[in-house]
$ cat coords.tsv   # TSV, C-alpha atoms
chain	number	residue	atom	x	y	z
A	1	MET	CA	16.01	-52.78	-0.45
A	2	LYS	CA	19.08	-50.53	-0.61
A	3	LYS	CA	17.90	-49.28	-3.98
A	4	ILE	CA	14.49	-48.26	-2.55
A	5	LEU	CA	16.11	-46.49	0.41
A	6	LEU	CA	18.46	-44.62	-1.92
A	7	ILE	CA	15.55	-43.53	-4.11
A	8	LEU	CA	13.53	-42.39	-1.06
A	9	LEU	CA	16.54	-40.51	0.33
A	10	THR	CA	17.16	-38.78	-3.00
A	11	PHE	CA	13.48	-37.90	-3.34
A	12	SER	CA	13.40	-36.53	0.23
A	13	LEU	CA	16.45	-34.36	-0.40
A	14	CYS	CA	14.86	-33.00	-3.57
A	15	LEU	CA	11.71	-32.05	-1.68
A	16	LEU	CA	13.68	-30.33	1.06
A	17	SER	CA	15.83	-28.41	-1.38
A	18	CYS	CA	12.90	-27.16	-3.48
A	19	LYS	CA	12.28	-23.58	-2.56
A	20	LYS	CA	8.82	-22.23	-3.06
A	21	GLU	CA	8.67	-18.57	-3.97
A	22	LYS	CA	6.84	-16.45	-1.43
A	23	GLU	CA	3.53	-15.26	-2.82
A	24	ILE	CA	3.21	-11.49	-2.53
A	25	PRO	CA	-0.12	-10.43	-0.98
A	26	VAL	CA	-2.38	-8.17	-3.03
A	27	SER	CA	-4.38	-6.84	-0.09
A	28	GLY	CA	-4.04	-6.06	3.58
A	29	ILE	CA	-3.99	-3.37	6.25
A	30	VAL	CA	-0.92	-1.22	6.90
A	31	THR	CA	0.11	1.82	8.92
A	32	ILE	CA	2.65	4.34	7.66
A	33	ASP	CA	3.93	7.55	9.23
A	34	ASN	CA	6.28	10.42	8.45
A	35	THR	CA	8.87	9.80	11.16
A	36	THR	CA	12.13	11.09	9.71
A	37	GLN	CA	15.16	8.84	9.93
A	38	LEU	CA	18.80	9.81	9.41
A	39	SER	CA	21.68	7.84	7.94
A	40	GLN	CA	23.80	9.78	5.47
A	41	THR	CA	20.63	11.61	4.46
A	42	TYR	CA	17.11	12.01	5.77
A	43	TYR	CA	14.45	9.51	4.75
A	44	VAL	CA	11.00	8.25	5.69
A	45	TYR	CA	9.15	5.00	5.16
A	46	GLY	CA	6.18	4.53	2.87
A	47	PHE	CA	4.32	1.67	1.25
A	48	LEU	CA	5.23	-0.21	-1.95
A	49	PHE	CA	2.16	-2.02	-3.31
A	50	SER	CA	3.97	-4.31	-5.77
A	51	ARG	CA	5.91	-5.90	-2.91
A	52	ALA	CA	3.32	-5.33	-0.18
A	53	GLU	CA	6.07	-3.84	2.01
A	54	ILE	CA	6.92	-0.77	4.00
A	55	VAL	CA	10.10	0.54	2.40
A	56	SER	CA	12.42	3.52	2.77
A	57	THR	CA	12.48	6.47	0.40
A	58	LEU	CA	16.14	5.52	-0.11
A	59	ASP	CA	15.26	1.99	-1.34
A	60	ASN	CA	15.13	0.97	-4.97
A	61	PRO	CA	12.33	0.91	-5.84
A	62	PRO	CA	11.15	3.56	-3.40
A	63	PRO	CA	7.68	3.49	-1.83
A	64	ASP	CA	4.65	4.21	-3.97
A	65	ILE	CA	3.14	6.48	-1.34
A	66	THR	CA	4.23	8.31	1.78
A	67	VAL	CA	2.13	10.27	4.24
A	68	GLU	CA	2.75	13.84	5.34
A	69	SER	CA	1.01	16.63	7.27
A	70	ASP	CA	0.69	20.34	6.59
A	71	GLY	CA	0.08	20.94	10.30
A	72	THR	CA	-3.67	20.50	9.97
A	73	ASN	CA	-4.42	17.86	7.37
A	74	LEU	CA	-2.80	14.63	6.22
A	75	PHE	CA	-1.98	13.91	2.60
A	76	PHE	CA	-0.48	11.10	0.54
A	77	GLN	CA	2.26	11.93	-1.88
A	78	THR	CA	4.15	10.00	-4.52
A	79	ASN	CA	7.21	10.50	-6.69
A	80	THR	CA	5.71	9.33	-10.00
A	81	PHE	CA	5.76	12.88	-11.42
A	82	LYS	CA	2.16	12.56	-12.54
A	83	ASN	CA	-1.26	12.93	-11.00
A	84	SER	CA	-1.84	9.61	-9.25
A	85	PHE	CA	-4.78	9.93	-6.84
A	86	TYR	CA	-8.54	9.86	-7.19
A	87	LYS	CA	-11.00	10.16	-4.30
A	88	SER	CA	-13.67	7.55	-4.97
A	89	GLY	CA	-15.83	8.45	-1.99
A	90	GLU	CA	-16.33	9.75	1.56
A	91	TYR	CA	-18.60	7.99	4.02
A	92	ASP	CA	-20.34	8.86	7.29
A	93	ASN	CA	-18.89	5.96	9.26
A	94	ALA	CA	-16.49	3.01	9.14
A	95	ASP	CA	-19.22	0.46	8.36
A	96	ALA	CA	-20.46	2.37	5.33
A	97	ALA	CA	-16.88	2.88	4.09
A	98	LYS	CA	-16.11	-0.83	4.51
A	99	VAL	CA	-19.23	-1.90	2.59
A	100	ALA	CA	-18.42	0.56	-0.22
A	101	PHE	CA	-14.77	-0.55	-0.31
A	102	ASP	CA	-15.63	-4.25	-0.45
A	103	SER	CA	-18.19	-3.72	-3.21
A	104	LEU	CA	-15.96	-1.43	-5.30
A	105	THR	CA	-14.95	-3.70	-8.16
A	106	THR	CA	-14.45	-1.23	-10.98
A	107	VAL	CA	-13.64	2.46	-11.14
A	108	ASN	CA	-14.18	5.13	-13.75
A	109	VAL	CA	-11.66	7.86	-12.90
A	110	THR	CA	-12.75	11.27	-14.12
A	111	GLN	CA	-9.67	13.24	-13.05
A	112	TRP	CA	-6.46	12.27	-11.27
A	113	VAL	CA	-4.92	14.71	-8.74
A	114	GLY	CA	-1.32	15.11	-7.62
A	115	LEU	CA	-1.90	14.66	-3.87
A	116	ALA	CA	-4.50	12.75	-1.92
A	117	TYR	CA	-5.61	15.74	0.18
A	118	PRO	CA	-7.00	15.83	2.76
A	119	VAL	CA	-6.79	12.20	3.86
A	120	GLU	CA	-9.44	11.42	6.47
A	121	PRO	CA	-11.00	8.30	7.98
A	122	ASP	CA	-13.83	6.65	6.02
A	123	GLN	CA	-12.59	7.79	2.62
A	124	ILE	CA	-11.76	5.58	-0.36
A	125	TRP	CA	-8.91	6.59	-2.66
A	126	ILE	CA	-7.65	5.06	-5.90
A	127	TYR	CA	-3.91	5.20	-6.52
A	128	ARG	CA	-2.15	4.87	-9.90
A	129	THR	CA	1.47	3.69	-9.81
A	130	GLY	CA	4.14	4.98	-12.16
A	131	ASP	CA	3.80	1.86	-14.32
A	132	GLU	CA	0.00	2.07	-14.59
A	133	HIS	CA	-1.06	-0.41	-11.92
A	134	TYR	CA	-3.75	0.48	-9.42
A	135	ALA	CA	-4.65	0.16	-5.76
A	136	LYS	CA	-7.76	1.05	-3.83
A	137	LEU	CA	-7.37	2.34	-0.28
A	138	ARG	CA	-9.88	2.64	2.55
A	139	ILE	CA	-8.70	5.07	5.21
A	140	ILE	CA	-9.23	3.48	8.62
A	141	SER	CA	-7.59	6.00	10.94
A	142	THR	CA	-5.31	9.02	10.94
A	143	VAL	CA	-3.18	10.87	13.45
A	144	SER	CA	-2.13	14.46	12.85
A	145	GLU	CA	-0.36	16.21	15.70
A	146	VAL	CA	2.79	18.07	16.63
A	147	ARG	CA	5.54	15.88	18.10
A	148	GLY	CA	8.51	17.86	19.25
A	149	ASP	CA	8.84	20.53	16.60
A	150	HIS	CA	7.56	18.37	13.75
A	151	ASP	CA	4.10	17.89	12.23
A	152	TYR	CA	3.54	14.16	12.76
A	153	ALA	CA	1.35	12.21	10.33
A	154	GLU	CA	0.18	8.61	10.63
A	155	CYS	CA	-2.35	6.74	8.54
A	156	THR	CA	-3.75	3.22	8.75
A	157	PHE	CA	-5.46	1.99	5.61
A	158	GLU	CA	-6.83	-1.13	4.04
A	159	TRP	CA	-5.58	-1.70	0.50
A	160	VAL	CA	-6.14	-3.91	-2.52
A	161	TYR	CA	-3.57	-3.86	-5.33
A	162	GLN	CA	-4.41	-4.79	-8.92
A	163	PRO	CA	-1.17	-6.13	-10.43
A	164	ASP	CA	-2.66	-6.80	-13.87
A	165	GLY	CA	-2.91	-3.09	-14.73
A	166	SER	CA	-6.70	-2.93	-14.91
A	167	LEU	CA	-9.07	-0.81	-12.87
A	168	THR	CA	-11.04	-3.91	-11.88
A	169	PHE	CA	-10.74	-5.17	-8.31
A	170	PRO	CA	-11.95	-8.43	-6.81
A	171	GLY	CA	-15.24	-8.06	-4.90
A	172	LYS	CA	-16.18	-9.64	-1.59
$ encode --input "coords.tsv" --output "structure tokens"
Amino acid sequence: MKKILLILLTFSLCLLSCKKEKEIPVSGIVTIDNTTQLSQTYYVYGFLFSRAEIVSTLDNPPPDITVESDGTNLFFQTNTFKNSFYKSGEYDNADAAKVAFDSLTTVNVTQWVGLAYPVEPDQIWIYRTGDEHYAKLRIISTVSEVRGDHDYAECTFEWVYQPDGSLTFPGK
């Protein structure tokens, strides 16, 4: 009997000590803005697709994309030093954009551009990371206004990241 209890206790401890790695999501909805922070230097937060996290421009790795405003329009920017954006489509309303986004399973990019400009609701953008992975983004909402003496930019988007490096996305 003692032997069975000892085996059960050992087995229970093994189960408790096993740590399961957290699975990183490959899709979701996120909001980013251009609120400037200050520590020893100025920084903003953006989105890093490979970790599905909002991260600082001071982090390593830094965000894939950040959002900014020119006073009138919003745009996404990146620090990959190459053209990384492709506008896949613009739609008349949120329902049409959602249907197009969900059914977009493969993309044939004709020409990448350096900035996603202008970023507006009901658009779909394709993003290419610095290491040739891809994400599709559906713009849900944007805010572009002056706050204090700064052009404020905020964007909420739905995203799907393709970690295998292909331009094929899962369909719904």
$ closest_atom_pairs --input "coords.tsv" --of "region 115-166 of chain A" --to "region 42-49 of chain A" --cutoff "9 Å" --atoms "only C-alpha atoms" --output "Markdown table"
| residue | atom | partner | partner_atom | distance |
| --- | --- | --- | --- | --- |
| A:Thr129 | CA | A:Phe49 | CA | 8.7 |
| A:Tyr134 | CA | A:Phe49 | CA | 8.9 |
| A:Ala135 | CA | A:Phe49 | CA | 7.6 |
| A:Trp159 | CA | A:Phe49 | CA | 8.6 |
| A:Val160 | CA | A:Phe49 | CA | 8.5 |
| A:Tyr161 | CA | A:Phe49 | CA | 6.3 |
| A:Pro163 | CA | A:Phe49 | CA | 8.9 |
$ atom_distance --input "coords.tsv" --atom1 "CA of Thr72 (chain A)" --atom2 "CA of Asp92 (chain A)"
20.5 Å
$ closest_residue --input "coords.tsv" --among "A:Glu132, A:Asp59, A:Asp122, A:Glu68" --to "Ser84 (chain A)" --atoms "all atoms listed in the file"
A:Glu132
$ closest_residue --input "coords.tsv" --among "A:Phe169, A:Phe157, A:Phe75, A:Trp125" --to "Val30 (chain A)" --atoms "all atoms listed in the file"
A:Phe157
$ atom_distance --input "coords.tsv" --atom1 "CA of Gln123 (chain A)" --atom2 "CA of Gly89 (chain A)"
5.7 Å
$ closest_residue --input "coords.tsv" --among "A:Ile32, A:Leu137, A:Ile65, A:Val113" --to "Ala100 (chain A)" --atoms "only C-alpha atoms"
A:Leu137
$ atom_distance --input "coords.tsv" --atom1 "CA of Ala116 (chain A)" --atom2 "CA of Phe85 (chain A)"
5.7 Å
$ build_atoms --input "coords.tsv" --residues "region 81-107 of chain A" --atoms "N, CA and C atoms" --output "JSON list (two decimals), keeping the file's coordinate frame"
[["chain", "number", "residue", "atom", "x", "y", "z"],
["A", 81, "PHE", "N", 5.75, 11.70, -10.57],
["A", 81, "PHE", "CA", 5.76, 12.88, -11.42],
["A", 81, "PHE", "C", 4.52, 12.98, -12.31],
["A", 82, "LYS", "N", 3.42, 12.39, -11.85],
["A", 82, "LYS", "CA", 2.16, 12.56, -12.54],
["A", 82, "LYS", "C", 1.04, 12.51, -11.51],
["A", 83, "ASN", "N", -0.11, 12.99, -11.89],
["A", 83, "ASN", "CA", -1.26, 12.93, -11.00],
["A", 83, "ASN", "C", -1.64, 11.46, -10.81],
["A", 84, "SER", "N", -1.71, 11.04, -9.55],
["A", 84, "SER", "CA", -1.84, 9.61, -9.25],
["A", 84, "SER", "C", -2.96, 9.25, -8.30],
["A", 85, "PHE", "N", -3.76, 10.21, -7.84],
["A", 85, "PHE", "CA", -4.78, 9.93, -6.84],
["A", 85, "PHE", "C", -6.17, 10.33, -7.34],
["A", 86, "TYR", "N", -7.14, 9.57, -6.89],
["A", 86, "TYR", "CA", -8.54, 9.86, -7.19],
["A", 86, "TYR", "C", -9.38, 9.48, -5.97],
["A", 87, "LYS", "N", -10.13, 10.46, -5.44],
["A", 87, "LYS", "CA", -11.00, 10.16, -4.30],
["A", 87, "LYS", "C", -12.29, 9.56, -4.84],
["A", 88, "SER", "N", -12.50, 8.29, -4.50],
["A", 88, "SER", "CA", -13.67, 7.55, -4.97],
["A", 88, "SER", "C", -14.89, 7.82, -4.11],
["A", 89, "GLY", "N", -14.68, 8.17, -2.84],
["A", 89, "GLY", "CA", -15.83, 8.45, -1.99],
["A", 89, "GLY", "C", -15.46, 8.79, -0.56],
["A", 90, "GLU", "N", -16.40, 9.45, 0.13],
["A", 90, "GLU", "CA", -16.33, 9.75, 1.56],
["A", 90, "GLU", "C", -17.59, 9.22, 2.20],
["A", 91, "TYR", "N", -17.47, 8.65, 3.39],
["A", 91, "TYR", "CA", -18.60, 7.99, 4.02],
["A", 91, "TYR", "C", -18.78, 8.48, 5.44],
["A", 92, "ASP", "N", -20.00, 8.35, 5.97],
["A", 92, "ASP", "CA", -20.34, 8.86, 7.29],
["A", 92, "ASP", "C", -19.73, 8.07, 8.44],
["A", 93, "ASN", "N", -19.43, 6.78, 8.18],
["A", 93, "ASN", "CA", -18.89, 5.96, 9.26],
["A", 93, "ASN", "C", -18.07, 4.81, 8.67],
["A", 94, "ALA", "N", -17.39, 4.10, 9.55],
["A", 94, "ALA", "CA", -16.49, 3.01, 9.14],
["A", 94, "ALA", "C", -17.25, 1.87, 8.47],
["A", 95, "ASP", "N", -18.44, 1.55, 8.96],
["A", 95, "ASP", "CA", -19.22, 0.46, 8.36],
["A", 95, "ASP", "C", -19.60, 0.77, 6.92],
["A", 96, "ALA", "N", -20.07, 1.98, 6.69],
["A", 96, "ALA", "CA", -20.46, 2.37, 5.33],
["A", 96, "ALA", "C", -19.25, 2.38, 4.40],
["A", 97, "ALA", "N", -18.11, 2.86, 4.90],
["A", 97, "ALA", "CA", -16.88, 2.88, 4.09],
["A", 97, "ALA", "C", -16.42, 1.47, 3.76],
["A", 98, "LYS", "N", -16.52, 0.57, 4.72],
["A", 98, "LYS", "CA", -16.11, -0.83, 4.51],
["A", 98, "LYS", "C", -16.99, -1.51, 3.47],
["A", 99, "VAL", "N", -18.30, -1.31, 3.56],
["A", 99, "VAL", "CA", -19.23, -1.90, 2.59],
["A", 99, "VAL", "C", -18.92, -1.36, 1.19],
["A", 100, "ALA", "N", -18.72, -0.05, 1.08],
["A", 100, "ALA", "CA", -18.42, 0.56, -0.22],
["A", 100, "ALA", "C", -17.09, 0.06, -0.77],
["A", 101, "PHE", "N", -16.09, -0.07, 0.10],
["A", 101, "PHE", "CA", -14.77, -0.55, -0.31],
["A", 101, "PHE", "C", -14.84, -1.99, -0.82],
["A", 102, "ASP", "N", -15.52, -2.83, -0.06],
["A", 102, "ASP", "CA", -15.63, -4.25, -0.45],
["A", 102, "ASP", "C", -16.41, -4.43, -1.75],
["A", 103, "SER", "N", -17.38, -3.57, -2.00],
["A", 103, "SER", "CA", -18.19, -3.72, -3.21],
["A", 103, "SER", "C", -17.62, -2.96, -4.41],
["A", 104, "LEU", "N", -16.58, -2.18, -4.20],
["A", 104, "LEU", "CA", -15.96, -1.43, -5.30],
["A", 104, "LEU", "C", -15.12, -2.38, -6.15],
["A", 105, "THR", "N", -15.66, -2.75, -7.30],
["A", 105, "THR", "CA", -14.95, -3.70, -8.16],
["A", 105, "THR", "C", -14.41, -3.06, -9.42],
["A", 106, "THR", "N", -14.96, -1.94, -9.81],
["A", 106, "THR", "CA", -14.45, -1.23, -10.98],
["A", 106, "THR", "C", -14.58, 0.27, -10.75],
["A", 107, "VAL", "N", -13.68, 1.01, -11.36],
["A", 107, "VAL", "CA", -13.64, 2.46, -11.14],
["A", 107, "VAL", "C", -13.55, 3.16, -12.48]]
